[in-house]
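Chemist: Can you read through this structure? Questions will come right after.
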Amino acid sequence: MDELLTVTPKGLYCQTGNFYVDPWRPVDRALITHAHADHARWGSKKYLAAASSRHALRIRMGDKADLEFQPFGKPVTIGGVRVTFYPAGHILGSAQIKIEKDGYSTVVSGDYKRTNDPTCQPFEPVRCNTFVTESTFGLPIYRWPDPQNVFDQINEWWRNNQQSGTASMLLAYSLGKAQRLLAGVDASIGPIYTHGAVHKLNAGYEASGIALPATTYVGDVDPKETDWSRALIVAPPAAAGTRWAQRFGKLSVGMASGWMQIRGTRRRRSMDRGFILSDHVDWSSLLQTIRETEAENVWVTHGYSSIVARHLETMGLNASVIETEFEGEQLIETSDSGKEDAGD
Ligand SMILES: [Zn+2]
Ligand SMILES: [Zn+2]
């Protein structure tokens with residue numbers, strides 16, 4: 001066990017500071033790495049998160065949640081421990097949380113990535129004694145292509161669809177991935193429309209000062225009077241195959257996710273196109289990051305935990321698997337769980 005964190009039935013707990021990090025049950029005080037549903041769970045009395053997650057977290061948690069925010073890199077003392085938020089590069093406002101006391105430090109990474117993303121601050125490696133890492137794509141088969149190549153493929157797909165009079169619907173998780181896509185596509189190709197869930201979160205990103213291209217909420221136009229054949233429609237995965245999607249007529253469906261690296265995933269979900277774009281680290285950046293933290297102890301959670309832990313032991317590290325009650329990210333990246341995303 002670590003000096004600063006223990007695993008409890010409610011989640012990772014810091015006894016000295018009397019707070020939890022991304023707890024999966026309601027607690028008195030929750031520190032939150034980012035606004036995705038498997039990390040920011042409902043019902044806790046008080047929340048503390050990074051300042052740049054303000055708008056997205058408010059949209060996800062509602063008006064009643066007691067949210068407090070802390071700027072990146074600025075330590076705050078809670079109980080007897082020092083807590084500092086550092087950028088995780090996963091989505092806007094996503095943080096690694098560093099907890100320190102008497103020269104010992106533990107960093108909880110939440111989810112993180114190392115590839116370029118203009119919609120959030122880049123990941124900063126933070127030195128620590130214990131590093132708690134995600135492992136969503138912790139298998140050697142996962143290697144991300146250059147994001148610019150992926151955007152070139154998306155643009156080409158959209159142009160080709162236009163030429164054959166087909167609307168392009170791009171499926172992506174509504175918080176983070178959708179905004180990253182919007183910031184990366186060539187908006188001069190044609191009009192861009194958004195599903196309600198994406199539309200709502202775009203507003204949160206824009207309120208945070210993130211530049212996104214002009215888009216129109218699908219619900220604001222008359223579907224019969226709209227020429228969808230030149231359009232790109234950005235929607236959460238749950239929108240595929242629904243009545244909502246029928247309005248677009250002849251439609252090509254693409255999906256942007258790390259899971260698209262596996263051919264079978266694409267076939268199972270009957271996508272026309274899969275684009276490999278992830279907001280998580282791939283295998284080599286996962287290992288590189290762990291080396292950069294210089295941590296001697298690594299706790300592995302969220303994904304291929306036991307495979308990653310076994311590999312880290314061969315690298316001479318003390319590795320252990322942390323079982324979380326709610327392993328939501330695989331589900332989220334493919335099906336975009338959460339009721340607020342299912343609607344219009
Ligand atoms: Zn996440
Ligand atoms: Zn996650």
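Simple scheme: letters A, B, ... for chains in structure tokens order, numbers from 1 for residues in each chain, numbers from 1 for ligands in the order shown.
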According to DSSP computed on the backbone, where in range 193-290 of chain A is there strand (DSSP E or B)? Give the residues as a PyMOL selection string.
Modeler: chain A and resi 193-194+216-217+232-235+251-256+273-275
Chemist: Those residues with all heavy atoms, as a compact mmCIF listing (two decimals), in the first residue's frame please?
Modeler:
# COMPACT_ATOMS: atom_id res chain seq x y z
N TYR A 193 -22.89 20.17 -38.97
CA TYR A 193 -24.05 20.12 -38.06
C TYR A 193 -23.69 19.29 -36.84
O TYR A 193 -22.83 18.40 -36.90
CB TYR A 193 -25.26 19.51 -38.76
CG TYR A 193 -25.80 20.39 -39.86
CD1 TYR A 193 -25.31 20.29 -41.16
CD2 TYR A 193 -26.80 21.33 -39.59
CE1 TYR A 193 -25.80 21.11 -42.17
CE2 TYR A 193 -27.30 22.14 -40.60
CZ TYR A 193 -26.79 22.03 -41.88
OH TYR A 193 -27.28 22.85 -42.87
N THR A 194 -24.36 19.58 -35.72
CA THR A 194 -24.09 18.83 -34.50
C THR A 194 -25.36 18.26 -33.88
O THR A 194 -26.43 18.85 -33.96
CB THR A 194 -23.42 19.73 -33.43
OG1 THR A 194 -24.22 20.90 -33.25
CG2 THR A 194 -22.01 20.12 -33.82
N THR A 216 -23.92 24.17 -36.84
CA THR A 216 -25.35 24.39 -36.63
C THR A 216 -25.93 23.18 -35.91
O THR A 216 -25.66 22.04 -36.29
CB THR A 216 -26.08 24.55 -37.99
OG1 THR A 216 -25.43 25.60 -38.72
CG2 THR A 216 -27.55 24.89 -37.80
N TYR A 217 -26.70 23.44 -34.88
CA TYR A 217 -27.40 22.37 -34.17
C TYR A 217 -28.49 21.82 -35.08
O TYR A 217 -29.29 22.58 -35.64
CB TYR A 217 -27.97 22.95 -32.87
CG TYR A 217 -28.97 22.08 -32.15
CD1 TYR A 217 -28.75 20.71 -31.98
CD2 TYR A 217 -30.13 22.63 -31.62
CE1 TYR A 217 -29.67 19.92 -31.33
CE2 TYR A 217 -31.05 21.85 -30.95
CZ TYR A 217 -30.82 20.49 -30.81
OH TYR A 217 -31.73 19.71 -30.15
N LEU A 232 -21.25 17.57 -42.91
CA LEU A 232 -20.65 16.67 -41.91
C LEU A 232 -21.50 16.82 -40.65
O LEU A 232 -21.76 17.94 -40.20
CB LEU A 232 -19.20 17.08 -41.61
CG LEU A 232 -18.48 16.23 -40.55
CD1 LEU A 232 -18.15 14.84 -41.10
CD2 LEU A 232 -17.20 16.93 -40.08
N ILE A 233 -21.99 15.69 -40.14
CA ILE A 233 -22.81 15.72 -38.94
C ILE A 233 -22.03 15.02 -37.82
O ILE A 233 -21.65 13.86 -37.97
CB ILE A 233 -24.16 15.00 -39.17
CG1 ILE A 233 -24.90 15.67 -40.34
CG2 ILE A 233 -25.02 15.04 -37.90
CD1 ILE A 233 -25.34 14.71 -41.41
N VAL A 234 -21.77 15.73 -36.74
CA VAL A 234 -21.00 15.14 -35.63
C VAL A 234 -21.98 14.75 -34.52
O VAL A 234 -22.75 15.58 -34.03
CB VAL A 234 -19.93 16.12 -35.11
CG1 VAL A 234 -19.15 15.49 -33.96
CG2 VAL A 234 -18.98 16.51 -36.24
N ALA A 235 -21.96 13.47 -34.17
CA ALA A 235 -22.96 12.93 -33.22
C ALA A 235 -22.30 11.88 -32.33
O ALA A 235 -21.30 11.27 -32.71
CB ALA A 235 -24.11 12.31 -34.01
N LEU A 251 -26.61 8.14 -46.29
CA LEU A 251 -25.68 8.47 -45.20
C LEU A 251 -24.49 7.53 -45.16
O LEU A 251 -24.64 6.31 -45.28
CB LEU A 251 -26.47 8.36 -43.88
CG LEU A 251 -25.83 8.82 -42.59
CD1 LEU A 251 -25.58 10.31 -42.60
CD2 LEU A 251 -26.76 8.47 -41.41
N SER A 252 -23.30 8.11 -44.99
CA SER A 252 -22.12 7.30 -44.69
C SER A 252 -21.76 7.53 -43.23
O SER A 252 -21.75 8.67 -42.76
CB SER A 252 -20.95 7.70 -45.59
OG SER A 252 -19.81 6.93 -45.25
N VAL A 253 -21.50 6.44 -42.50
CA VAL A 253 -21.25 6.55 -41.06
C VAL A 253 -19.79 6.23 -40.75
O VAL A 253 -19.31 5.15 -41.07
CB VAL A 253 -22.17 5.60 -40.26
CG1 VAL A 253 -21.93 5.77 -38.76
CG2 VAL A 253 -23.63 5.86 -40.58
N GLY A 254 -19.11 7.20 -40.16
CA GLY A 254 -17.72 6.99 -39.74
C GLY A 254 -17.63 7.11 -38.23
O GLY A 254 -18.48 7.74 -37.60
N MET A 255 -16.62 6.49 -37.67
CA MET A 255 -16.45 6.60 -36.22
C MET A 255 -14.98 6.85 -35.91
O MET A 255 -14.10 6.22 -36.50
CB MET A 255 -16.93 5.33 -35.54
CG MET A 255 -16.62 5.32 -34.07
SD MET A 255 -18.01 4.70 -33.13
CE MET A 255 -17.22 4.50 -31.54
N ALA A 256 -14.73 7.78 -34.97
CA ALA A 256 -13.36 8.09 -34.56
C ALA A 256 -13.14 7.60 -33.14
O ALA A 256 -13.75 8.09 -32.20
CB ALA A 256 -13.12 9.59 -34.65
N ARG A 273 -16.83 3.57 -42.09
CA ARG A 273 -15.41 3.91 -41.95
C ARG A 273 -15.03 4.02 -40.48
O ARG A 273 -15.79 4.53 -39.67
CB ARG A 273 -15.12 5.27 -42.62
CG ARG A 273 -14.97 5.21 -44.11
CD ARG A 273 -13.77 4.40 -44.55
NE ARG A 273 -12.50 4.95 -44.10
CZ ARG A 273 -11.79 5.83 -44.80
NH1 ARG A 273 -12.20 6.27 -45.96
NH2 ARG A 273 -10.64 6.28 -44.32
N GLY A 274 -13.82 3.57 -40.16
CA GLY A 274 -13.29 3.76 -38.81
C GLY A 274 -12.04 4.62 -38.89
O GLY A 274 -11.19 4.40 -39.75
N PHE A 275 -11.96 5.60 -38.02
CA PHE A 275 -10.78 6.47 -37.98
C PHE A 275 -10.11 6.30 -36.62
O PHE A 275 -10.77 6.42 -35.58
CB PHE A 275 -11.17 7.93 -38.20
CG PHE A 275 -11.88 8.16 -39.51
CD1 PHE A 275 -13.26 8.32 -39.54
CD2 PHE A 275 -11.17 8.19 -40.71
CE1 PHE A 275 -13.92 8.51 -40.75
CE2 PHE A 275 -11.83 8.37 -41.92
CZ PHE A 275 -13.21 8.53 -41.94
Chemist: Please write out the residues within 12 Å of ligand 2 as a PDB file with C-alpha atoms, in the first residue's frame, counting only C-alpha atoms and all ligand atoms.
Modeler:
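Result saved to pocket.pdb:
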ATOM      1  CA  ASP A  22     -12.607  10.021  -8.686  1.00  0.00           C
ATOM      2  CA  TRP A  24     -17.358   5.650  -7.583  1.00  0.00           C
ATOM      3  CA  ILE A  32     -12.003  14.898  -9.840  1.00  0.00           C
ATOM      4  CA  THR A  33      -9.502  14.300 -12.647  1.00  0.00           C
ATOM      5  CA  HIS A  34     -11.961  15.100 -15.454  1.00  0.00           C
ATOM      6  CA  ALA A  35     -15.613  15.379 -16.445  1.00  0.00           C
ATOM      7  CA  HIS A  36     -16.147  11.917 -18.058  1.00  0.00           C
ATOM      8  CA  ALA A  37     -18.882   9.878 -16.398  1.00  0.00           C
ATOM      9  CA  ASP A  38     -16.631   7.114 -15.057  1.00  0.00           C
ATOM     10  CA  HIS A  39     -14.509   9.694 -13.175  1.00  0.00           C
ATOM     11  CA  ALA A  40     -16.955  12.467 -12.252  1.00  0.00           C
ATOM     12  CA  ARG A  41     -19.770  10.636 -10.538  1.00  0.00           C
ATOM     13  CA  ALA A  88      -3.354  15.350 -18.504  1.00  0.00           C
ATOM     14  CA  HIS A  90      -7.022  13.903 -22.362  1.00  0.00           C
ATOM     15  CA  ILE A  91      -9.911  16.423 -22.751  1.00  0.00           C
ATOM     16  CA  SER A  94      -8.416  16.911 -17.601  1.00  0.00           C
ATOM     17  CA  ALA A  95      -5.903  16.748 -14.779  1.00  0.00           C
ATOM     18  CA  VAL A 108      -3.217   9.984 -10.074  1.00  0.00           C
ATOM     19  CA  SER A 109      -3.265  10.335 -13.874  1.00  0.00           C
ATOM     20  CA  GLY A 110      -6.975   9.935 -14.538  1.00  0.00           C
ATOM     21  CA  ASP A 111      -6.995   9.410 -18.323  1.00  0.00           C
ATOM     22  CA  TYR A 112      -4.247  10.951 -20.423  1.00  0.00           C
ATOM     23  CA  LYS A 113      -2.698  11.136 -23.869  1.00  0.00           C
ATOM     24  CA  THR A 133      -1.985   5.079 -14.463  1.00  0.00           C
ATOM     25  CA  GLU A 134      -4.897   4.212 -16.709  1.00  0.00           C
ATOM     26  CA  SER A 135      -4.426   1.314 -19.156  1.00  0.00           C
ATOM     27  CA  THR A 136      -7.399   1.644 -21.527  1.00  0.00           C
ATOM     28  CA  PHE A 137      -5.211   0.786 -24.536  1.00  0.00           C
ATOM     29  CA  ASP A 279      -7.803  10.495 -26.299  1.00  0.00           C
ATOM     30  CA  HIS A 280      -5.766   7.887 -24.408  1.00  0.00           C
ATOM     31  CA  VAL A 281      -2.108   6.866 -24.554  1.00  0.00           C
ATOM     32  CA  THR A 301      -6.327   0.767 -13.424  1.00  0.00           C
ATOM     33  CA  HIS A 302      -9.001   1.244 -16.125  1.00  0.00           C
ATOM     34  CA  GLY A 303      -8.360  -1.309 -18.838  1.00  0.00           C
ATOM     35  CA  THR A 324     -12.318  -0.030  -9.886  1.00  0.00           C
ATOM     36  CA  PHE A 326     -16.863   1.144 -12.661  1.00  0.00           C
ATOM     37  CA  GLU A 327     -14.739   0.397 -15.704  1.00  0.00           C
ATOM     38  CA  GLY A 328     -16.611   2.689 -18.005  1.00  0.00           C
ATOM     39  CA  GLU A 329     -14.182   3.902 -20.601  1.00  0.00           C
ATOM     40  CA  GLN A 330     -14.342   0.991 -23.037  1.00  0.00           C
ATOM     41  CA  LEU A 331     -18.078   1.306 -22.979  1.00  0.00           C
ATOM     42  CA  ILE A 332     -17.901   5.068 -23.289  1.00  0.00           C
ATOM     43  CA  GLU A 333     -15.525   5.130 -26.241  1.00  0.00           C
TER      44      GLU A 333
END
Chemist: What is the CA of Ala65 in chain A to CA of Val81 in chain A distance in Å?
Modeler: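 That distance, rounded to one decimal, is 24.3 Å.
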Chemist: Taking the backbone alone, and naming residues the way the document does, which bits of range 25-203 of chain A are helix (DSSP H, G or I) by DSSP, as number ranges by chain?
Modeler: A: 51-61, 147-163, 177-184, 196-203
Chemist: Residues near range 140-152 of chain A, anyone? I mean within 6 Å using only C-alpha atoms, not counting same-chain ones fewer than 6 positions away, as a list in words.
Modeler: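 So, after excluding close chain neighbours, the residues are Val185, Asp282 and Trp283 of chain A.
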Chemist: Those selected residues, please, written with N, CA, C and O atoms and delivered as an mmCIF file, in the first residue's frame.
Modeler:
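The result, written out as selection.cif:
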data_model
loop_
_atom_site.group_PDB
_atom_site.id
_atom_site.type_symbol
_atom_site.label_atom_id
_atom_site.label_comp_id
_atom_site.auth_asym_id
_atom_site.auth_seq_id
_atom_site.Cartn_x
_atom_site.Cartn_y
_atom_site.Cartn_z
ATOM 1 N N VAL A 185 -10.867 19.080 -38.391
ATOM 2 C CA VAL A 185 -11.315 18.876 -39.777
ATOM 3 C C VAL A 185 -11.191 20.173 -40.575
ATOM 4 O O VAL A 185 -11.094 21.260 -40.007
ATOM 5 N N ASP A 282 -1.290 5.335 -26.235
ATOM 6 C CA ASP A 282 -1.092 3.997 -26.786
ATOM 7 C C ASP A 282 -0.002 3.290 -25.961
ATOM 8 O O ASP A 282 0.510 3.845 -24.985
ATOM 9 N N TRP A 283 0.331 2.079 -26.361
ATOM 10 C CA TRP A 283 1.254 1.255 -25.582
ATOM 11 C C TRP A 283 2.607 1.935 -25.345
ATOM 12 O O TRP A 283 3.072 2.048 -24.217
#
Chemist: Give me the residues within 12 Å of Gln179 in chain A as a VMD selection string, counting only C-alpha atoms and dropping any in the same chain fewer than 5 places off.
Modeler: chain A and resid 56 90 to 92 117 to 120 170 to 174 184 to 185 194 197 to 206 210 to 215 234 to 236 256 279
Chemist: One decimal, Å: what's the distance from CA of Lys250 in chain A over to CA of Arg230 in chain A, could you say?
Modeler: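 Pair CA of Lys250 in chain A / CA of Arg230 in chain A returns 11.1 Å.
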Chemist: Tell me, in Å to one decimal, how far CA of Lys46 in chain A is from CA of Leu31 in chain A.
Modeler: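 CA of Leu31 in chain A lies at a distance of 8.5 Å from CA of Lys46 in chain A.
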Chemist: Can you pull out every residue within 8 Å of Gly43 in chain A, counting only C-alpha atoms, but drop anything in the same chain fewer than 3 positions away, and send it as a list in words?
Modeler: Arg25, Pro26, Val27 and Ala65 of chain A
Chemist: So which one's closest to Phe69 in chain A, A:Gly17, A:Glu100, A:Ala30, A:Leu12? Using only C-alpha atoms, please.
Modeler: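 Residue with the minimum atom-to-atom distance to Phe69 in chain A: A:Ala30.
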Chemist: If you count only C-alpha atoms, which residues fall within 7 Å of Ser229 in chain A, apart from same-chain ones fewer than 2 positions away, as an mmCIF file with N, CA, C and O atoms, in the first residue's frame?
Modeler:
data_model
loop_
_atom_site.group_PDB
_atom_site.id
_atom_site.type_symbol
_atom_site.label_atom_id
_atom_site.label_comp_id
_atom_site.auth_asym_id
_atom_site.auth_seq_id
_atom_site.Cartn_x
_atom_site.Cartn_y
_atom_site.Cartn_z
ATOM 1 N N GLN A 162 -19.558 13.766 -50.475
ATOM 2 C CA GLN A 162 -20.233 14.897 -51.149
ATOM 3 C C GLN A 162 -20.399 14.609 -52.633
ATOM 4 O O GLN A 162 -21.454 14.859 -53.211
ATOM 5 N N GLY A 165 -23.245 12.482 -53.364
ATOM 6 C CA GLY A 165 -24.526 12.936 -52.814
ATOM 7 C C GLY A 165 -24.899 12.280 -51.502
ATOM 8 O O GLY A 165 -26.073 12.048 -51.217
ATOM 9 N N THR A 166 -23.884 11.970 -50.680
ATOM 10 C CA THR A 166 -24.114 11.252 -49.432
ATOM 11 C C THR A 166 -23.716 12.116 -48.241
ATOM 12 O O THR A 166 -22.630 12.707 -48.235
ATOM 13 N N ALA A 167 -24.591 12.187 -47.233
ATOM 14 C CA ALA A 167 -24.244 12.904 -46.002
ATOM 15 C C ALA A 167 -23.196 12.108 -45.218
ATOM 16 O O ALA A 167 -23.166 10.881 -45.286
ATOM 17 N N ASP A 227 -30.106 20.572 -47.307
ATOM 18 C CA ASP A 227 -29.337 19.662 -48.175
ATOM 19 C C ASP A 227 -28.240 19.022 -47.317
ATOM 20 O O ASP A 227 -27.210 19.629 -47.047
ATOM 21 N N ALA A 231 -23.023 17.871 -46.072
ATOM 22 C CA ALA A 231 -22.765 18.163 -44.653
ATOM 23 C C ALA A 231 -21.934 17.102 -43.944
ATOM 24 O O ALA A 231 -21.933 15.923 -44.313
#
Chemist: Excluding Lys224 in chain A and its own-chain neighbours fewer than 2 positions away, which residues fall within 8 Å of it when counting only C-alpha atoms? Please give them as a VMD selection string.
Modeler: chain A and resid 222 226 247
